[in-house]
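A quick write-up on the structure given underneath.
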Amino acid sequence: MKSDKKILLAFLLNLCFSMIEFIGGAITGSIAIISDSMHDFADALSIGISFVLEKLSHKKANEKYTFGYIRYSVLGSVIQSVILLCGSIIVIYNAVLRILNPVSLNYSGMIIIAIAGFLLNFIAAWFTSGGDSLNQKSINLHLIEDVLGWLIVLIGAIVMKFTDFIFLDSILSILLAVFIIINSLKNLKSLPAAGVLSGLIS
């Protein structure tokens, strides 16, 4: 399957599940799941943008873009990283509010949603693996992070079900957000963002 088709599939999977996830998070009362739904929705938007940019990157060179449009693929990776950074800050903010104002959680519902999230993101990560563009590799990295994140949420939900340690939900949200921020910053530093932007503007 070509890179752009893999990216499109990842976009559709993330978009559909983020909507289901938000409803599930509201029903269970889990800030971790609600926050992750925002994260997945931001992922879906960035992946959608990346799909368009990936298509552009395949266009042939012309007088204005003598090296072709490959820089658009790199720009997609930059946009994804910025969106993830903003989303993670929102997650931390909401998690702190939940620590200050705890509410009861539906642990069984959290477990079901976490299993679904783990499986869906695993499928999306598998479809986008082995890409040859920076854009697709960046998307795959984010999806792998989502897989690990859902695994942590699943384990946390099981622990809370048997211990009723309600604050674990917010603690996990903060830890996941910090992990995403660190990796997003690393991804931005590894990309020639300034050169890409200046090349696109010129």
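Following the order of the structure tokens, first chain is A, next is B, and so on, with residues numbered from 1 inside each chain and ligands from 1 in the order they appear.
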What lies within 8 Å of Ile33 (chain A) using only C-alpha atoms, ignoring chain neighbours under 4 positions off, as an mmCIF file with C-alpha atoms, in the first residue's frame?
```cif
data_model
loop_
_atom_site.group_PDB
_atom_site.id
_atom_site.type_symbol
_atom_site.label_atom_id
_atom_site.label_comp_id
_atom_site.auth_asym_id
_atom_site.auth_seq_id
_atom_site.Cartn_x
_atom_site.Cartn_y
_atom_site.Cartn_z
ATOM 1 C CA GLU A 21 -13.738 7.851 22.544
ATOM 2 C CA PHE A 22 -14.997 11.284 23.634
ATOM 3 C CA GLY A 24 -17.022 6.954 26.142
ATOM 4 C CA GLY A 25 -14.845 9.244 28.244
ATOM 5 C CA SER A 37 -9.936 11.733 22.607
ATOM 6 C CA MET A 110 -12.649 2.472 30.916
#
```
Leaving out region 173-188 of chain A and any residue of its chain fewer than 2 positions from it, which residues lie within 8 Å of it when counting only C-alpha atoms, given as a PDB file with C-alpha atoms, in the first residue's frame?
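In the end it all went to out.pdb:
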```
ATOM      1  CA  ILE A  31     -10.234  12.542  32.167  1.00  0.00           C
ATOM      2  CA  ALA A  32      -7.542  10.280  30.717  1.00  0.00           C
ATOM      3  CA  SER A  35      -8.013  13.959  27.083  1.00  0.00           C
ATOM      4  CA  VAL A  78       6.293  19.712  11.712  1.00  0.00           C
ATOM      5  CA  SER A  81       4.453  17.815  16.285  1.00  0.00           C
ATOM      6  CA  VAL A  82       3.108  21.304  17.014  1.00  0.00           C
ATOM      7  CA  LEU A  84       0.652  17.269  19.691  1.00  0.00           C
ATOM      8  CA  LEU A  85       2.489  19.804  21.857  1.00  0.00           C
ATOM      9  CA  SER A  88      -0.517  17.723  25.592  1.00  0.00           C
ATOM     10  CA  ILE A  89      -0.559  21.064  27.405  1.00  0.00           C
ATOM     11  CA  VAL A  91      -4.235  17.394  28.798  1.00  0.00           C
ATOM     12  CA  ILE A  92      -1.984  18.409  31.694  1.00  0.00           C
ATOM     13  CA  ALA A  95      -5.618  16.479  34.646  1.00  0.00           C
ATOM     14  CA  SER A 138       6.299  10.712  12.020  1.00  0.00           C
ATOM     15  CA  GLU A 145       2.949   6.252  21.220  1.00  0.00           C
ATOM     16  CA  GLY A 149      -0.555   5.107  25.911  1.00  0.00           C
ATOM     17  CA  ASP A 169      -6.374   8.477  36.147  1.00  0.00           C
ATOM     18  CA  SER A 170      -5.035  12.042  36.307  1.00  0.00           C
ATOM     19  CA  ILE A 171      -1.492  10.948  37.124  1.00  0.00           C
ATOM     20  CA  SER A 190      15.427  16.548  14.116  1.00  0.00           C
ATOM     21  CA  LEU A 191      13.601  18.273  11.259  1.00  0.00           C
ATOM     22  CA  ALA A 193      11.807  23.145   9.940  1.00  0.00           C
TER      23      ALA A 193
END
```
**Message:** as a PyMOL selection string, please: the residues near Ile115 (chain A) (cut-off 8 Å, only C-alpha atoms, same-chain neighbours under 6 positions excluded).
**Reply:** chain A and resi 150-151+154
Store the residues picked out above in a file with N, CA and C atoms, as a PDB file, in the first residue's frame.
```
ATOM      1  N   TRP A 150      -2.446   3.715  25.343  1.00  0.00           N
ATOM      2  CA  TRP A 150      -3.653   2.961  25.652  1.00  0.00           C
ATOM      3  C   TRP A 150      -3.354   1.740  26.522  1.00  0.00           C
ATOM      4  N   LEU A 151      -2.185   1.150  26.336  1.00  0.00           N
ATOM      5  CA  LEU A 151      -1.797   0.025  27.174  1.00  0.00           C
ATOM      6  C   LEU A 151      -1.663   0.481  28.628  1.00  0.00           C
ATOM      7  N   LEU A 154      -5.107   1.113  30.040  1.00  0.00           N
ATOM      8  CA  LEU A 154      -5.742  -0.177  30.339  1.00  0.00           C
ATOM      9  C   LEU A 154      -5.248  -0.724  31.672  1.00  0.00           C
TER      10      LEU A 154
END
```
